[in-house]
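**Q** My structure is in structure-v3.cif, and what it holds is mmCIF, N, CA and C atoms:
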```cif
data_input
#
loop_
_atom_site.label_atom_id
_atom_site.label_comp_id
_atom_site.auth_asym_id
_atom_site.auth_seq_id
_atom_site.Cartn_x
_atom_site.Cartn_y
_atom_site.Cartn_z
N GLN A 210 -57.56 196.38 277.61
CA GLN A 210 -57.37 195.47 276.50
C GLN A 210 -57.94 194.10 276.86
N VAL A 211 -58.67 193.53 275.95
CA VAL A 211 -59.27 192.21 276.15
C VAL A 211 -58.86 191.32 274.99
N GLN A 212 -58.42 190.14 275.30
CA GLN A 212 -58.12 189.14 274.27
C GLN A 212 -59.14 188.01 274.37
N LEU A 213 -59.64 187.59 273.23
CA LEU A 213 -60.69 186.58 273.18
C LEU A 213 -60.22 185.39 272.36
N VAL A 214 -60.47 184.21 272.87
CA VAL A 214 -60.08 182.99 272.17
C VAL A 214 -61.28 182.04 272.13
N GLU A 215 -61.77 181.77 270.92
CA GLU A 215 -62.89 180.85 270.76
C GLU A 215 -62.41 179.42 270.62
N SER A 216 -63.27 178.50 270.99
CA SER A 216 -63.00 177.08 270.80
C SER A 216 -64.33 176.34 270.72
N GLY A 217 -64.27 175.08 270.31
CA GLY A 217 -65.46 174.25 270.30
C GLY A 217 -66.10 174.02 268.95
N GLY A 218 -65.58 174.68 267.92
CA GLY A 218 -66.13 174.46 266.59
C GLY A 218 -65.75 173.08 266.06
N GLY A 219 -66.34 172.73 264.92
CA GLY A 219 -66.02 171.44 264.32
C GLY A 219 -67.03 171.05 263.27
N LEU A 220 -66.95 169.80 262.87
CA LEU A 220 -67.85 169.24 261.87
C LEU A 220 -68.91 168.40 262.57
N VAL A 221 -70.16 168.65 262.23
CA VAL A 221 -71.25 167.94 262.87
C VAL A 221 -72.34 167.68 261.83
N GLN A 222 -73.08 166.62 262.01
CA GLN A 222 -74.18 166.32 261.10
C GLN A 222 -75.39 167.18 261.44
N ALA A 223 -76.23 167.40 260.46
CA ALA A 223 -77.46 168.14 260.67
C ALA A 223 -78.25 167.51 261.81
N GLY A 224 -78.77 168.37 262.69
CA GLY A 224 -79.49 167.90 263.86
C GLY A 224 -78.63 167.76 265.09
N GLY A 225 -77.33 167.84 264.90
CA GLY A 225 -76.40 167.69 266.01
C GLY A 225 -76.22 168.97 266.81
N SER A 226 -75.29 168.89 267.77
CA SER A 226 -75.06 170.00 268.69
C SER A 226 -73.58 170.27 268.84
N LEU A 227 -73.27 171.50 269.16
CA LEU A 227 -71.93 171.92 269.53
C LEU A 227 -72.04 172.96 270.64
N ARG A 228 -70.98 173.07 271.41
CA ARG A 228 -70.90 174.13 272.41
C ARG A 228 -69.64 174.94 272.16
N LEU A 229 -69.83 176.18 271.81
CA LEU A 229 -68.70 177.07 271.59
C LEU A 229 -68.36 177.77 272.89
N SER A 230 -67.07 177.99 273.10
CA SER A 230 -66.60 178.74 274.25
C SER A 230 -65.75 179.90 273.79
N CYS A 231 -65.76 180.94 274.57
CA CYS A 231 -64.92 182.11 274.29
C CYS A 231 -64.29 182.53 275.61
N ALA A 232 -62.99 182.32 275.72
CA ALA A 232 -62.27 182.67 276.93
C ALA A 232 -61.67 184.06 276.78
N ALA A 233 -61.87 184.89 277.78
CA ALA A 233 -61.39 186.27 277.73
C ALA A 233 -60.28 186.49 278.75
N SER A 234 -59.32 187.28 278.35
CA SER A 234 -58.26 187.67 279.28
C SER A 234 -58.69 188.94 280.01
N GLY A 235 -57.95 189.28 281.03
CA GLY A 235 -58.25 190.53 281.72
C GLY A 235 -59.12 190.33 282.94
N ARG A 236 -59.05 191.31 283.84
CA ARG A 236 -59.76 191.20 285.11
C ARG A 236 -61.11 191.89 285.11
N THR A 237 -61.48 192.50 283.99
CA THR A 237 -62.72 193.26 283.96
C THR A 237 -63.74 192.63 283.04
N PHE A 238 -63.67 191.32 282.88
CA PHE A 238 -64.60 190.62 281.98
C PHE A 238 -66.04 190.94 282.32
N SER A 239 -66.35 191.05 283.60
CA SER A 239 -67.73 191.27 284.00
C SER A 239 -68.24 192.66 283.62
N SER A 240 -67.35 193.52 283.15
CA SER A 240 -67.75 194.86 282.71
C SER A 240 -68.16 194.90 281.25
N TYR A 241 -68.02 193.77 280.56
CA TYR A 241 -68.25 193.73 279.13
C TYR A 241 -69.51 192.96 278.77
N ALA A 242 -70.24 193.51 277.83
CA ALA A 242 -71.25 192.72 277.14
C ALA A 242 -70.53 191.86 276.12
N MET A 243 -71.09 190.69 275.86
CA MET A 243 -70.45 189.75 274.93
C MET A 243 -71.43 189.37 273.84
N GLY A 244 -70.89 189.24 272.66
CA GLY A 244 -71.73 188.86 271.53
C GLY A 244 -71.12 187.72 270.73
N TRP A 245 -71.98 187.00 270.04
CA TRP A 245 -71.55 186.00 269.07
C TRP A 245 -72.10 186.42 267.70
N PHE A 246 -71.23 186.35 266.73
CA PHE A 246 -71.59 186.66 265.35
C PHE A 246 -71.05 185.54 264.46
N ARG A 247 -71.57 185.47 263.26
CA ARG A 247 -71.04 184.46 262.34
C ARG A 247 -70.93 185.03 260.94
N GLN A 248 -70.07 184.41 260.17
CA GLN A 248 -69.88 184.86 258.79
C GLN A 248 -69.63 183.65 257.91
N ALA A 249 -70.50 183.48 256.94
CA ALA A 249 -70.35 182.42 255.96
C ALA A 249 -69.65 182.98 254.72
N PRO A 250 -69.02 182.13 253.93
CA PRO A 250 -68.33 182.63 252.73
C PRO A 250 -69.26 183.43 251.82
N GLY A 251 -68.79 184.60 251.44
CA GLY A 251 -69.57 185.44 250.52
C GLY A 251 -70.71 186.18 251.17
N LYS A 252 -70.84 186.06 252.49
CA LYS A 252 -71.94 186.74 253.18
C LYS A 252 -71.41 187.71 254.21
N GLU A 253 -72.27 188.64 254.61
CA GLU A 253 -71.88 189.59 255.64
C GLU A 253 -71.92 188.93 257.02
N ARG A 254 -71.17 189.53 257.93
CA ARG A 254 -71.21 189.05 259.30
C ARG A 254 -72.60 189.32 259.88
N GLU A 255 -73.15 188.33 260.59
CA GLU A 255 -74.49 188.50 261.13
C GLU A 255 -74.55 188.17 262.62
N PHE A 256 -75.45 188.83 263.27
CA PHE A 256 -75.65 188.68 264.71
C PHE A 256 -76.28 187.33 265.01
N VAL A 257 -75.77 186.69 266.06
CA VAL A 257 -76.30 185.39 266.49
C VAL A 257 -76.88 185.49 267.90
N ALA A 258 -76.12 186.10 268.82
CA ALA A 258 -76.59 186.18 270.21
C ALA A 258 -75.74 187.19 270.95
N ALA A 259 -76.30 187.75 272.02
CA ALA A 259 -75.54 188.66 272.86
C ALA A 259 -76.07 188.60 274.28
N ILE A 260 -75.21 188.93 275.21
CA ILE A 260 -75.56 188.83 276.62
C ILE A 260 -74.93 190.00 277.35
N ASN A 261 -75.64 190.59 278.27
CA ASN A 261 -75.08 191.75 278.96
C ASN A 261 -74.16 191.30 280.10
N TRP A 262 -73.60 192.25 280.80
CA TRP A 262 -72.58 191.95 281.79
C TRP A 262 -73.08 191.04 282.91
N SER A 263 -74.40 191.13 283.20
CA SER A 263 -74.94 190.36 284.33
C SER A 263 -75.53 189.02 283.91
N GLY A 264 -75.44 188.69 282.63
CA GLY A 264 -75.92 187.38 282.18
C GLY A 264 -77.29 187.39 281.56
N ARG A 265 -77.76 188.55 281.16
CA ARG A 265 -79.09 188.66 280.57
C ARG A 265 -78.97 188.73 279.04
N PRO A 266 -79.48 187.74 278.33
CA PRO A 266 -79.40 187.79 276.86
C PRO A 266 -80.40 188.79 276.28
N ILE A 267 -80.06 189.33 275.13
CA ILE A 267 -81.06 190.09 274.38
C ILE A 267 -81.79 189.13 273.44
N SER A 268 -82.79 189.61 272.77
CA SER A 268 -83.57 188.74 271.89
C SER A 268 -82.69 188.13 270.80
N TYR A 269 -82.89 186.87 270.56
CA TYR A 269 -82.16 186.19 269.50
C TYR A 269 -82.81 186.50 268.15
N PRO A 270 -82.02 186.46 267.07
CA PRO A 270 -82.63 186.57 265.75
C PRO A 270 -83.51 185.36 265.48
N ASP A 271 -84.49 185.53 264.61
CA ASP A 271 -85.47 184.47 264.38
C ASP A 271 -84.84 183.15 263.93
N PHE A 272 -83.76 183.24 263.17
CA PHE A 272 -83.20 182.01 262.63
C PHE A 272 -82.51 181.13 263.68
N VAL A 273 -82.31 181.64 264.90
CA VAL A 273 -81.70 180.81 265.95
C VAL A 273 -82.60 180.59 267.15
N LYS A 274 -83.73 181.24 267.19
CA LYS A 274 -84.62 181.12 268.35
C LYS A 274 -84.99 179.66 268.60
N GLY A 275 -84.82 179.28 269.86
CA GLY A 275 -85.15 177.91 270.26
C GLY A 275 -84.06 176.90 269.97
N ARG A 276 -83.01 177.31 269.28
CA ARG A 276 -81.93 176.38 268.94
C ARG A 276 -80.60 176.75 269.61
N PHE A 277 -80.29 178.02 269.71
CA PHE A 277 -79.03 178.48 270.27
C PHE A 277 -79.28 179.17 271.60
N THR A 278 -78.31 179.03 272.50
CA THR A 278 -78.41 179.67 273.81
C THR A 278 -77.06 180.24 274.21
N ILE A 279 -77.06 181.50 274.58
CA ILE A 279 -75.84 182.15 275.05
C ILE A 279 -75.86 182.19 276.57
N SER A 280 -74.70 182.02 277.17
CA SER A 280 -74.57 182.13 278.62
C SER A 280 -73.15 182.59 278.94
N ARG A 281 -72.93 182.96 280.16
CA ARG A 281 -71.60 183.40 280.57
C ARG A 281 -71.32 182.99 282.00
N ASP A 282 -70.04 182.84 282.28
CA ASP A 282 -69.58 182.55 283.63
C ASP A 282 -68.49 183.59 283.94
N ASN A 283 -68.86 184.62 284.67
CA ASN A 283 -67.90 185.69 284.94
C ASN A 283 -66.74 185.23 285.81
N ALA A 284 -66.96 184.22 286.62
CA ALA A 284 -65.87 183.70 287.45
C ALA A 284 -64.80 183.02 286.59
N LYS A 285 -65.21 182.51 285.43
CA LYS A 285 -64.27 181.82 284.53
C LYS A 285 -63.89 182.68 283.33
N ASN A 286 -64.38 183.92 283.29
CA ASN A 286 -64.09 184.82 282.16
C ASN A 286 -64.44 184.15 280.82
N THR A 287 -65.57 183.50 280.78
CA THR A 287 -65.93 182.73 279.60
C THR A 287 -67.40 182.96 279.23
N VAL A 288 -67.63 183.05 277.93
CA VAL A 288 -68.99 183.09 277.40
C VAL A 288 -69.17 181.87 276.51
N TYR A 289 -70.37 181.34 276.52
CA TYR A 289 -70.67 180.11 275.79
C TYR A 289 -71.79 180.34 274.78
N LEU A 290 -71.78 179.51 273.76
CA LEU A 290 -72.89 179.48 272.82
C LEU A 290 -73.22 178.02 272.56
N GLN A 291 -74.36 177.59 273.06
CA GLN A 291 -74.83 176.23 272.83
C GLN A 291 -75.62 176.20 271.54
N LEU A 292 -75.19 175.36 270.63
CA LEU A 292 -75.82 175.23 269.31
C LEU A 292 -76.51 173.88 269.24
N ASN A 293 -77.82 173.88 269.13
CA ASN A 293 -78.60 172.65 269.01
C ASN A 293 -79.36 172.64 267.69
N SER A 294 -79.79 171.45 267.29
CA SER A 294 -80.58 171.30 266.06
C SER A 294 -79.92 172.01 264.89
N LEU A 295 -78.66 171.77 264.73
CA LEU A 295 -77.90 172.49 263.70
C LEU A 295 -78.35 172.12 262.30
N LYS A 296 -78.27 173.10 261.43
CA LYS A 296 -78.67 172.95 260.04
C LYS A 296 -77.48 173.28 259.14
N PRO A 297 -77.46 172.76 257.93
CA PRO A 297 -76.34 173.09 257.02
C PRO A 297 -76.15 174.59 256.83
N GLU A 298 -77.23 175.35 256.87
CA GLU A 298 -77.12 176.80 256.70
C GLU A 298 -76.50 177.50 257.90
N ASP A 299 -76.25 176.77 258.98
CA ASP A 299 -75.53 177.33 260.13
C ASP A 299 -74.02 177.28 259.92
N THR A 300 -73.59 176.68 258.85
CA THR A 300 -72.15 176.60 258.56
C THR A 300 -71.56 177.99 258.39
N ALA A 301 -70.54 178.29 259.17
CA ALA A 301 -69.92 179.62 259.16
C ALA A 301 -68.75 179.63 260.13
N VAL A 302 -68.00 180.71 260.08
CA VAL A 302 -67.03 180.99 261.14
C VAL A 302 -67.77 181.79 262.21
N TYR A 303 -67.67 181.33 263.43
CA TYR A 303 -68.35 181.99 264.55
C TYR A 303 -67.32 182.78 265.35
N TYR A 304 -67.67 184.04 265.61
CA TYR A 304 -66.78 184.95 266.33
C TYR A 304 -67.44 185.41 267.62
N CYS A 305 -66.64 185.52 268.67
CA CYS A 305 -67.14 186.22 269.84
C CYS A 305 -66.53 187.61 269.88
N ALA A 306 -67.23 188.50 270.56
CA ALA A 306 -66.82 189.89 270.62
C ALA A 306 -67.18 190.48 271.97
N ALA A 307 -66.44 191.50 272.36
CA ALA A 307 -66.65 192.15 273.65
C ALA A 307 -66.86 193.64 273.47
N LYS A 308 -67.74 194.18 274.30
CA LYS A 308 -68.07 195.61 274.24
C LYS A 308 -68.21 196.10 275.67
N ALA A 309 -67.47 197.16 276.01
CA ALA A 309 -67.50 197.73 277.36
C ALA A 309 -68.75 198.58 277.49
N THR A 310 -69.79 197.99 278.07
CA THR A 310 -71.05 198.69 278.23
C THR A 310 -71.90 198.00 279.28
N VAL A 311 -72.78 198.77 279.91
CA VAL A 311 -73.78 198.19 280.82
C VAL A 311 -75.14 198.12 280.15
N ALA A 312 -75.17 198.48 278.87
CA ALA A 312 -76.44 198.51 278.16
C ALA A 312 -77.02 197.10 278.00
N TRP A 313 -78.33 197.05 277.93
CA TRP A 313 -79.04 195.83 277.59
C TRP A 313 -80.13 196.22 276.60
N ASP A 314 -79.71 196.32 275.35
CA ASP A 314 -80.64 196.74 274.31
C ASP A 314 -80.14 196.24 272.96
N THR A 315 -80.82 196.64 271.93
CA THR A 315 -80.51 196.11 270.60
C THR A 315 -79.16 196.57 270.07
N SER A 316 -78.54 197.54 270.77
CA SER A 316 -77.20 197.95 270.33
C SER A 316 -76.22 196.78 270.43
N LEU A 317 -76.53 195.81 271.26
CA LEU A 317 -75.64 194.66 271.40
C LEU A 317 -75.69 193.75 270.17
N SER A 318 -76.60 193.99 269.26
CA SER A 318 -76.67 193.19 268.05
C SER A 318 -75.88 193.80 266.88
N ARG A 319 -75.30 194.94 267.09
CA ARG A 319 -74.57 195.63 266.01
C ARG A 319 -73.09 195.31 266.09
N PHE A 320 -72.59 194.57 265.11
CA PHE A 320 -71.21 194.11 265.21
C PHE A 320 -70.22 195.27 265.15
N ARG A 321 -70.58 196.35 264.49
CA ARG A 321 -69.64 197.47 264.38
C ARG A 321 -69.41 198.17 265.72
N ASP A 322 -70.28 197.93 266.70
CA ASP A 322 -70.13 198.59 268.00
C ASP A 322 -69.18 197.83 268.93
N TYR A 323 -68.76 196.64 268.54
CA TYR A 323 -67.91 195.84 269.42
C TYR A 323 -66.44 196.23 269.26
N GLU A 324 -65.74 196.22 270.38
CA GLU A 324 -64.36 196.71 270.40
C GLU A 324 -63.33 195.61 270.23
N TYR A 325 -63.62 194.44 270.72
CA TYR A 325 -62.65 193.35 270.70
C TYR A 325 -63.27 192.11 270.07
N TRP A 326 -62.43 191.39 269.32
CA TRP A 326 -62.89 190.22 268.58
C TRP A 326 -61.92 189.06 268.75
N GLY A 327 -62.48 187.86 268.75
CA GLY A 327 -61.65 186.67 268.70
C GLY A 327 -61.29 186.33 267.27
N GLN A 328 -60.55 185.25 267.10
CA GLN A 328 -60.07 184.87 265.78
C GLN A 328 -61.10 184.02 265.02
N GLY A 329 -62.11 183.56 265.71
CA GLY A 329 -63.17 182.78 265.09
C GLY A 329 -62.94 181.28 265.20
N THR A 330 -64.05 180.54 265.16
CA THR A 330 -63.99 179.09 265.16
C THR A 330 -64.97 178.58 264.10
N GLN A 331 -64.50 177.63 263.30
CA GLN A 331 -65.29 177.14 262.18
C GLN A 331 -66.32 176.12 262.65
N VAL A 332 -67.56 176.33 262.22
CA VAL A 332 -68.62 175.35 262.43
C VAL A 332 -69.10 174.90 261.06
N THR A 333 -69.05 173.60 260.83
CA THR A 333 -69.49 173.02 259.57
C THR A 333 -70.55 171.97 259.84
N VAL A 334 -71.71 172.14 259.23
CA VAL A 334 -72.82 171.22 259.42
C VAL A 334 -73.09 170.50 258.11
N SER A 335 -72.95 169.20 258.14
CA SER A 335 -73.18 168.40 256.93
C SER A 335 -74.63 167.91 256.87
N SER A 336 -75.11 167.76 255.65
CA SER A 336 -76.52 167.33 255.48
C SER A 336 -76.63 165.82 255.41
#
```
Output the file's structure in the form of structure tokens.

**A**
Amino acid sequence: QVQLVESGGGLVQAGGSLRLSCAASGRTFSSYAMGWFRQAPGKEREFVAAINWSGRPISYPDFVKGRFTISRDNAKNTVYLQLNSLKPEDTAVYYCAAKATVAWDTSLSRFRDYEYWGQGTQVTVSS
């Protein structure tokens, strides 16, 4: 069982930055791939970033390339999402998720494959 708690969301002006954190419970954090997803009102949940157990990210979706960066610290049981050059269309609830796998492939972009989810953190970008 893994429990995930996100933090770091908030209100920021367009062009600004935020750093989201996701703290995981349990002693086997390093066995999990971690993902970040987001969901805006009236829209489906979408993939933002994912990283395998050893710290290797998979390809980012085009809408975040060059702006967002995922990283993890297995010693701290924490995964991060650095959000730079934020745009109003980035406004959403951001969720982290965990999946017990050693895979490093596009399966990490599928939200339905993740087993554990945090409660989400709101990111609001004003224009």

**Q** Distance atom CA of Arg281 of chain A-atom CA of Tyr325 of chain A, one decimal place?

**A** 16.6 Å

**Q** Report the closest atom pair, with its distance in Å rounded to one decimal, for each residue of segment 232-268 of chain A that has an atom no farther than 6 Å from segment 211-226 of chain A; count all atoms listed in the file, sort by chain and then rising residue number, and write it as a tab-separated table.

**A**
```
residue	atom	partner	partner_atom	distance
A:Ala232	N	A:Val214	C	4.0
A:Ala233	CA	A:Gln212	C	4.4
A:Ser234	N	A:Gln212	C	4.1
A:Gly235	N	A:Gln212	N	5.8
```

**Q** Write a file of the selected residues as a short mmCIF file (atom, residue, chain, number, x, y, z; two decimals), keeping the file's coordinate frame, keeping N, CA and C atoms.

**A**
```
data_model
loop_
_atom_site.label_atom_id
_atom_site.label_comp_id
_atom_site.auth_asym_id
_atom_site.auth_seq_id
_atom_site.Cartn_x
_atom_site.Cartn_y
_atom_site.Cartn_z
N ALA A 232 -62.99 182.32 275.72
CA ALA A 232 -62.27 182.67 276.93
C ALA A 232 -61.67 184.06 276.78
N ALA A 233 -61.87 184.89 277.78
CA ALA A 233 -61.39 186.27 277.73
C ALA A 233 -60.28 186.49 278.75
N SER A 234 -59.32 187.28 278.35
CA SER A 234 -58.26 187.67 279.28
C SER A 234 -58.69 188.94 280.01
N GLY A 235 -57.95 189.28 281.03
CA GLY A 235 -58.25 190.53 281.72
C GLY A 235 -59.12 190.33 282.94
#
```

**Q** Go through chain A and collect every residue that DSSP, computed from the backbone, puts in strand (DSSP E); the answer should be as a VMD selection string.

**A** chain A and resid 213 to 216 219 to 222 227 to 233 241 to 248 255 to 260 277 to 282 287 to 292 301 to 309 325 to 326 330 to 335

**Q** Run through the PyMOL selection byres ((chain A and resi 246-258) around 6.5) on the given coordinates and return the selected residues as a PyMOL selection string.

**A** chain A and resi 243-245+259-260+267-270+279+300-306+318

**Q** Just how far from atom CA of Ala284 of chain A is atom CA of Phe320 of chain A, in Å to one decimal?

**A**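 The value is 25.1 Å.
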
**Q** What does the distance from atom N of Leu227 of chain A to atom CA of Leu295 of chain A come to in Å, to one decimal?

**A**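 Separation of atom N of Leu227 of chain A and atom CA of Leu295 of chain A: 7.2 Å.
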
**Q** Got a sec: who's within 8 Å of Asp299 of chain A, counting only C-alpha atoms, leaving out chain neighbours fewer than 3 positions off, as a PyMOL selection string?

**A** chain A and resi 295-296+332-334

**Q** Would you save the residues from that selection as a tab-separated table (two decimals), in the coordinates of the input, using N, CA and C atoms?

**A**
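Result saved to result.tsv:
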```tsv
chain	number	residue	atom	x	y	z
A	295	LEU	N	-78.66	171.77	264.73
A	295	LEU	CA	-77.90	172.49	263.70
A	295	LEU	C	-78.35	172.12	262.30
A	296	LYS	N	-78.27	173.10	261.43
A	296	LYS	CA	-78.67	172.95	260.04
A	296	LYS	C	-77.48	173.28	259.14
A	332	VAL	N	-67.56	176.33	262.22
A	332	VAL	CA	-68.62	175.35	262.43
A	332	VAL	C	-69.10	174.90	261.06
A	333	THR	N	-69.05	173.60	260.83
A	333	THR	CA	-69.49	173.02	259.57
A	333	THR	C	-70.55	171.97	259.84
A	334	VAL	N	-71.71	172.14	259.23
A	334	VAL	CA	-72.82	171.22	259.42
A	334	VAL	C	-73.09	170.50	258.11
```

**Q** Check which residues satisfy the PyMOL selection byres (((chain A and resi 280 and name CA) around 7) and name CA) in the file shown, then give them as a PyMOL selection string.

**A** chain A and resi 264+278-279+281+288-290

**Q** Which one of A:Gln331, A:Trp262, A:Arg321, A:Asn293 sits closest to Tyr241 of chain A if you count only C-alpha atoms?

**A** A:Trp262

**Q** Taking the file as shown, what set of residues would the PyMOL selection byres ((chain A and resi 240) around 7) give back, as a list in words?

**A** Arg236, Thr237, Phe238, Ser239, Tyr241, Ala242, Trp262, Lys308, Ala309, Thr310 and Val311 of chain A

**Q** With distances taken over only C-alpha atoms, which of A:Ser230, A:Thr330, A:Asn261, A:Ser336 is nearest to Thr315 of chain A?

**A** A:Asn261
